[in-house]
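Asks: Contents of run25.cif (mmCIF, C-alpha atoms) are given next:
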data_work
#
loop_
_atom_site.label_atom_id
_atom_site.label_comp_id
_atom_site.auth_asym_id
_atom_site.auth_seq_id
_atom_site.Cartn_x
_atom_site.Cartn_y
_atom_site.Cartn_z
CA MET G 728 -7.42 12.44 61.24
CA GLU G 729 -6.02 14.64 58.51
CA ARG G 730 -6.45 13.25 55.00
CA ALA G 731 -3.34 13.03 52.86
CA LYS G 732 -3.34 15.46 50.00
CA ARG G 733 -3.61 13.89 46.52
CA VAL G 734 -0.57 14.56 44.40
CA PRO G 735 -1.62 16.12 41.07
CA ARG G 736 -1.47 13.76 38.08
CA GLY G 737 1.71 14.14 36.10
CA THR G 738 3.81 15.21 39.10
CA ARG G 739 4.07 11.85 40.85
CA LYS G 740 7.27 9.83 40.46
CA ARG G 741 6.79 7.05 37.93
CA ASP G 742 7.72 3.53 38.94
CA VAL G 743 9.07 2.92 35.42
CA PRO G 744 11.06 5.58 33.54
CA LEU G 745 9.67 6.94 30.31
CA THR G 746 11.05 5.44 27.11
CA GLU G 747 10.34 6.17 23.46
CA ALA G 748 8.97 2.64 23.00
CA GLY G 749 6.63 3.02 25.97
CA ILE G 750 5.45 6.41 24.76
CA CYS G 751 4.72 5.03 21.27
CA THR G 752 2.87 2.04 22.69
CA SER G 753 0.63 4.26 24.80
CA ALA G 754 0.09 6.61 21.87
CA LEU G 755 -0.99 3.69 19.68
CA ARG G 756 -3.62 2.68 22.24
CA LEU G 757 -5.04 6.20 22.21
CA ILE G 758 -4.99 6.32 18.40
CA ASP G 759 -6.76 2.95 18.14
CA ALA G 760 -9.45 4.22 20.52
CA ASP G 761 -10.04 7.77 19.32
CA GLY G 762 -8.06 8.42 16.12
CA VAL G 763 -4.97 10.42 15.23
CA GLU G 764 -6.71 13.80 15.41
CA ALA G 765 -7.78 13.22 19.02
CA LEU G 766 -4.23 12.47 20.17
CA THR G 767 -2.48 15.32 22.00
CA MET G 768 0.73 15.35 23.99
CA ARG G 769 -1.28 16.38 27.07
CA LYS G 770 -3.65 13.42 26.74
CA LEU G 771 -0.71 11.10 26.19
CA ALA G 772 1.04 12.43 29.28
CA ALA G 773 -2.12 11.88 31.33
CA ALA G 774 -2.33 8.28 30.10
CA LEU G 775 1.30 7.76 31.08
CA ASP G 776 0.84 9.57 34.40
CA ALA G 777 3.72 11.84 33.46
CA ASN G 778 4.43 15.53 33.17
CA PRO G 779 3.67 16.65 29.57
CA MET G 780 7.04 18.38 29.30
CA SER G 781 8.86 15.15 30.08
CA LEU G 782 7.59 13.62 26.82
CA TYR G 783 9.62 16.12 24.81
CA HIS G 784 12.84 14.61 26.11
CA HIS G 785 11.97 11.56 23.95
CA VAL G 786 9.89 12.91 21.05
CA PRO G 787 10.21 16.52 19.83
CA ASN G 788 6.62 16.90 18.60
CA LYS G 789 3.46 15.07 17.58
CA GLU G 790 4.65 14.50 14.00
CA ALA G 791 7.79 12.76 15.22
CA LEU G 792 5.67 10.75 17.64
CA LEU G 793 3.40 9.56 14.83
CA ARG G 794 6.40 8.56 12.73
CA GLY G 795 7.71 6.57 15.65
CA VAL G 796 4.35 4.84 16.16
CA ALA G 797 4.18 4.00 12.43
CA ARG G 798 7.71 2.54 12.53
CA MET G 799 6.80 0.46 15.56
CA VAL G 800 3.69 -0.95 13.88
CA GLY G 801 5.55 -1.53 10.62
CA ALA G 802 8.17 -3.57 12.46
CA ARG G 803 5.39 -5.94 13.55
CA PHE G 804 4.69 -6.84 9.93
CA ARG G 805 5.06 -10.60 9.43
CA THR G 806 7.64 -11.00 6.69
CA VAL G 807 6.84 -13.75 4.21
CA THR G 808 9.53 -16.44 4.51
CA LEU G 809 8.28 -19.00 1.97
CA GLU G 810 11.31 -18.65 -0.31
CA ASP G 811 10.56 -22.01 -1.95
CA ALA G 812 6.93 -21.13 -2.74
CA PRO G 813 5.95 -19.71 -6.15
CA TRP G 814 6.31 -15.95 -6.30
CA GLN G 815 2.57 -15.61 -6.94
CA GLU G 816 1.78 -17.27 -3.61
CA ARG G 817 4.36 -15.13 -1.81
CA MET G 818 2.82 -12.00 -3.32
CA ARG G 819 -0.65 -12.98 -2.11
CA LEU G 820 0.56 -13.73 1.42
CA LEU G 821 2.55 -10.50 1.55
CA ALA G 822 -0.36 -8.30 0.50
CA THR G 823 -2.85 -10.18 2.71
CA ASP G 824 -0.63 -9.83 5.78
CA PHE G 825 -0.20 -6.11 5.06
CA ARG G 826 -3.96 -5.72 4.80
CA THR G 827 -4.46 -7.60 8.09
CA LEU G 828 -2.07 -5.20 9.81
CA ALA G 829 -3.94 -2.21 8.34
CA HIS G 830 -7.27 -3.46 9.67
CA ARG G 831 -5.72 -4.12 13.08
CA HIS G 832 -4.84 -0.41 13.43
CA PRO G 833 -7.18 1.34 10.97
CA ASN G 834 -6.92 4.84 12.47
CA LEU G 835 -3.14 4.89 12.36
CA MET G 836 -2.86 3.24 8.95
CA ALA G 837 -5.44 5.52 7.34
CA TYR G 838 -3.33 8.46 8.50
CA SER G 839 0.00 6.86 7.54
CA PHE G 840 -1.17 5.94 4.03
CA GLY G 841 -1.53 9.66 3.34
CA GLN G 842 2.12 10.38 4.15
CA PRO G 843 4.51 10.24 1.16
CA ASP G 844 7.36 8.95 3.33
CA PHE G 845 5.27 6.18 4.89
CA ILE G 846 7.28 3.38 3.23
CA GLN G 847 11.04 3.43 3.71
CA PRO G 848 13.68 1.22 2.02
CA GLU G 849 14.31 -0.73 5.23
CA ASP G 850 10.63 -1.45 5.95
CA PRO G 851 9.91 -5.21 6.13
CA PHE G 852 7.05 -4.88 3.64
CA TRP G 853 9.19 -3.12 1.03
CA VAL G 854 12.11 -5.53 1.54
CA ALA G 855 9.81 -8.54 1.13
CA LEU G 856 8.01 -7.07 -1.89
CA THR G 857 11.22 -6.34 -3.79
CA ALA G 858 12.45 -9.86 -2.96
CA VAL G 859 9.25 -11.34 -4.43
CA LEU G 860 9.62 -9.32 -7.64
CA ASP G 861 13.22 -10.41 -7.91
CA ALA G 862 12.15 -14.05 -7.51
CA ALA G 863 9.54 -13.53 -10.23
CA GLY G 864 12.30 -12.58 -12.67
CA VAL G 865 11.68 -8.83 -12.90
CA PRO G 866 14.84 -7.08 -14.18
CA GLN G 867 16.73 -5.39 -11.36
CA ALA G 868 16.41 -1.94 -12.92
CA GLU G 869 12.59 -2.24 -13.00
CA ILE G 870 12.01 -3.61 -9.49
CA PRO G 871 11.70 -0.21 -7.72
CA GLN G 872 9.17 1.10 -10.25
CA LEU G 873 7.03 -2.05 -10.23
CA ALA G 874 7.22 -2.27 -6.43
CA ALA G 875 6.05 1.34 -6.21
CA LEU G 876 3.09 0.59 -8.49
CA VAL G 877 2.11 -2.49 -6.47
CA CYS G 878 2.26 -0.40 -3.27
CA ALA G 879 0.15 2.33 -4.84
CA VAL G 880 -2.56 -0.11 -5.95
CA VAL G 881 -2.68 -2.12 -2.72
CA ILE G 882 -2.60 0.95 -0.46
CA GLY G 883 -5.20 2.71 -2.61
CA VAL G 884 -7.58 -0.21 -2.22
CA MET G 885 -6.98 -0.35 1.54
CA ILE G 886 -7.66 3.37 1.91
CA ALA G 887 -10.98 2.85 0.13
CA GLU G 888 -11.74 -0.08 2.45
CA LEU G 889 -10.91 1.82 5.63
CA ASN G 890 -12.91 4.93 4.78
CA GLY G 891 -15.91 2.98 3.46
CA ALA G 892 -15.61 4.20 -0.14
CA LEU G 893 -15.01 0.73 -1.58
CA HIS G 894 -18.21 -0.63 -0.05
CA ARG G 895 -20.20 2.32 -1.37
CA TRP G 896 -18.70 2.21 -4.86
CA SER G 897 -19.24 -1.53 -5.17
CA ASN G 898 -22.95 -1.03 -4.57
CA LEU G 899 -23.44 1.72 -7.13
CA GLN G 900 -25.58 0.50 -10.01
CA PRO G 901 -25.09 1.61 -13.63
CA THR G 902 -27.82 3.94 -14.83
CA THR G 903 -28.70 1.79 -17.83
CA PRO G 904 -32.04 0.03 -18.46
CA ALA G 905 -30.37 -3.35 -18.12
CA PHE G 906 -29.64 -2.63 -14.47
CA GLY G 907 -33.03 -1.40 -13.46
CA GLU G 908 -35.37 -3.06 -11.01
CA GLY G 909 -34.53 -6.69 -10.54
CA GLY G 910 -31.05 -6.23 -12.00
CA PRO G 911 -27.95 -7.89 -10.57
CA THR G 912 -26.67 -6.79 -7.18
CA ASN G 913 -23.32 -7.05 -5.43
CA GLU G 914 -24.65 -8.91 -2.41
CA GLY G 915 -22.01 -11.37 -1.26
CA PHE G 916 -19.29 -9.56 -3.20
CA GLY G 917 -17.50 -8.55 -0.01
CA GLU G 918 -14.25 -6.71 0.50
CA ASP G 919 -12.28 -9.92 1.03
CA ARG G 920 -13.32 -11.17 -2.38
CA MET G 921 -12.64 -7.79 -3.95
CA PHE G 922 -9.15 -7.72 -2.47
CA ARG G 923 -8.46 -11.17 -3.93
CA LEU G 924 -9.63 -9.82 -7.29
CA VAL G 925 -7.13 -6.95 -6.97
CA LEU G 926 -4.31 -9.41 -6.27
CA ASP G 927 -5.39 -11.60 -9.20
CA THR G 928 -5.21 -8.54 -11.46
CA ILE G 929 -1.76 -7.50 -10.21
CA ILE G 930 -0.34 -11.00 -10.52
CA SER G 931 -1.89 -11.61 -13.95
CA GLY G 932 -0.46 -8.32 -15.19
CA LEU G 933 3.03 -9.21 -13.96
CA GLU G 934 2.80 -12.67 -15.47
CA SER G 935 1.79 -11.24 -18.85
CA ARG G 936 4.56 -8.66 -18.74
CA LEU G 937 7.23 -11.22 -17.86
CA THR G 938 5.98 -13.70 -20.46
CA ALA G 939 6.06 -11.05 -23.18
CA ASP G 940 9.55 -9.91 -22.21
CA HIS G 941 10.89 -13.47 -22.17
CA ALA G 942 9.29 -14.19 -25.54
CA GLY G 943 10.95 -11.10 -26.97
CA GLU G 944 14.32 -12.21 -25.63
CA ARG G 945 13.96 -15.62 -27.27
CA ASP G 946 13.12 -13.97 -30.58
CA GLY G 947 16.08 -11.62 -30.29
CA GLN G 948 13.79 -8.61 -29.87
CA PRO G 949 14.10 -5.95 -27.15
CA PRO G 950 11.55 -6.09 -24.28
CA GLN G 951 8.22 -4.46 -24.99
CA ASN G 952 9.01 -1.59 -22.68
CA SER G 953 12.12 -0.67 -24.66
CA LEU G 954 12.09 1.84 -27.50
CA ARG G 955 13.23 0.70 -30.92
CA ALA G 956 16.73 1.75 -31.85
CA SER G 957 15.50 2.63 -35.36
CA GLY G 958 13.98 5.86 -34.07
CA ARG G 959 10.52 5.12 -35.46
CA ILE G 960 7.73 5.72 -33.00
CA PRO G 961 5.69 2.55 -32.37
CA ARG G 962 2.07 2.87 -33.44
CA GLN G 963 0.74 2.45 -29.89
CA LEU G 964 2.74 5.51 -28.80
CA ARG G 965 1.47 7.76 -31.60
CA PRO G 966 -1.79 9.72 -31.59
CA PRO G 967 -4.52 7.95 -33.59
CA ALA G 968 -4.23 10.45 -36.45
CA ALA G 969 -0.46 10.11 -36.80
CA ARG G 970 0.20 7.53 -39.54
CA CYS G 971 3.40 6.92 -41.43
CA GLU G 972 3.04 7.18 -45.16
CA GLY G 973 2.09 3.87 -46.69
CA GLU G 974 0.63 2.33 -43.55
CA SER G 975 -2.75 0.73 -43.89
CA PRO G 976 -5.46 2.19 -41.65
CA GLY G 977 -6.20 0.24 -38.53
CA ASN G 978 -7.67 0.48 -35.10
CA PRO G 979 -5.06 2.05 -32.79
CA ILE G 980 -6.88 0.81 -29.71
CA SER G 981 -6.91 -2.79 -30.94
CA ASP G 982 -3.27 -2.51 -31.99
CA MET G 983 -2.35 -1.20 -28.55
CA ALA G 984 -4.20 -3.96 -26.74
CA ALA G 985 -2.63 -6.65 -28.94
CA GLY G 986 0.85 -5.17 -28.59
CA PHE G 987 1.38 -5.01 -32.39
CA GLU G 988 4.42 -3.20 -33.73
CA PRO G 989 4.12 -1.13 -36.90
CA LYS G 990 4.94 -2.97 -40.08
CA GLU G 991 8.22 -2.03 -41.68
CA GLN G 992 7.78 -0.68 -45.18
#
Using the file provided, produce a representation of the structure as structure tokens.

Replies:
Amino acid sequence: MERAKRVPRGTRKRDVPLTEAGICTSALRLIDADGVEALTMRKLAAALDANPMSLYHHVPNKEALLRGVARMVGARFRTVTLEDAPWQERMRLLATDFRTLAHRHPNLMAYSFGQPDFIQPEDPFWVALTAVLDAAGVPQAEIPQLAALVCAVVIGVMIAELNGALHRWSNLQPTTPAFGEGGPTNEGFGEDRMFRLVLDTIISGLESRLTADHAGERDGQPPQNSLRASGRIPRQLRPPAARCEGESPGNPISDMAAGFEPKEQ
């Protein structure tokens, strides 16, 4: 009895037509297993049991494919819906959920974090973050800048987590006699705790900024981030050696930390 010839992979008729969503889903599985660098259109076609050229009817190249995979994963982000909760709690949940998503697909996210166009205005994370800052009372004009800084800090920490740098850095010991043999160690100071510390720092900084701005408004003064209309340069913005005539010497670092304005003469 003559054996039937095996049809070469990629030339058989698929039971289900190719779609962009199906291609991205299969690509994500390959990325999770082997990383972005190992993904090729030929390997993806083999996984889909399709002709490699047929993929290009849906995605023009690998870069477009990766953008599509990133959009698909980003759409799975669980948007924080606790509108009645304090903004601090919403911020923590938002960042924690984003971190969970990053650790679910570390290969893809480590690649995506390095792309300047990774976050788009319509992304659920960005929409939720700007809503939280608005609920906190951040002026509308400052929301994009503060949201960008929060993204930069959170993503920077997650990059260091995913590539192992954060673990290594947290175990480096200062080269001072006080931290010699028998000195304190970072055992038990895991990445979860360090991420909570990052969020505490971000939230505390926003709280301080908002409190100072509101106090200035009550006193009839412009917010601390505004320049004086008088044209004089505040002391904290001048080099240490630049002193106006008649000013008493002081510590510019202490003045900066305390937020002191120069005394009017």

Asks: Within 10 Å of range 750-755 of chain G, counting all atoms listed in the file, which residues show up once you throw out same-chain ones fewer than 3 positions away? Write them as JSON, numbers by chain, please.

Replies: {"G": [745, 746, 747, 758, 759, 760, 761, 762, 763, 766, 767, 768, 770, 771, 772, 774, 775, 782, 785, 786, 792, 793, 794, 795, 796, 797, 798, 799, 800, 832, 834, 835]}

Asks: Using the selection just defined, write its residues with C-alpha atoms as a compact mmCIF listing (two decimals), in the frame of the given file.

Replies:
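Result file follows (selection.txt):
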# COMPACT_ATOMS: atom_id res chain seq x y z
CA LEU G 745 9.67 6.94 30.31
CA THR G 746 11.05 5.44 27.11
CA GLU G 747 10.34 6.17 23.46
CA ILE G 758 -4.99 6.32 18.40
CA ASP G 759 -6.76 2.95 18.14
CA ALA G 760 -9.45 4.22 20.52
CA ASP G 761 -10.04 7.77 19.32
CA GLY G 762 -8.06 8.42 16.12
CA VAL G 763 -4.97 10.42 15.23
CA LEU G 766 -4.23 12.47 20.17
CA THR G 767 -2.48 15.32 22.00
CA MET G 768 0.73 15.35 23.99
CA LYS G 770 -3.65 13.42 26.74
CA LEU G 771 -0.71 11.10 26.19
CA ALA G 772 1.04 12.43 29.28
CA ALA G 774 -2.33 8.28 30.10
CA LEU G 775 1.30 7.76 31.08
CA LEU G 782 7.59 13.62 26.82
CA HIS G 785 11.97 11.56 23.95
CA VAL G 786 9.89 12.91 21.05
CA LEU G 792 5.67 10.75 17.64
CA LEU G 793 3.40 9.56 14.83
CA ARG G 794 6.40 8.56 12.73
CA GLY G 795 7.71 6.57 15.65
CA VAL G 796 4.35 4.84 16.16
CA ALA G 797 4.18 4.00 12.43
CA ARG G 798 7.71 2.54 12.53
CA MET G 799 6.80 0.46 15.56
CA VAL G 800 3.69 -0.95 13.88
CA HIS G 832 -4.84 -0.41 13.43
CA ASN G 834 -6.92 4.84 12.47
CA LEU G 835 -3.14 4.89 12.36

Asks: Out of G:Ile930, G:Cys878, G:Ala862, G:Leu924, which residue has the shortest atom-to-atom distance to Asp811 in chain G when counting all atoms listed in the file?

Replies: G:Ala862

Asks: Between CA of Pro851 in chain G and CA of Arg803 in chain G, measure the distance and give it in Å to one decimal.

Replies: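 Separation between CA of Pro851 in chain G and CA of Arg803 in chain G: 8.7 Å.
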
Asks: Can you tell me which residues surround Gly883 in chain G at a distance of at most 12 Å, considering all atoms listed in the file, apart from same-chain residues fewer than 3 positions away, and format the answer as a PyMOL selection string?

Replies: chain G and resi 826+836-837+840-841+875-880+886-890+892-893+922+925
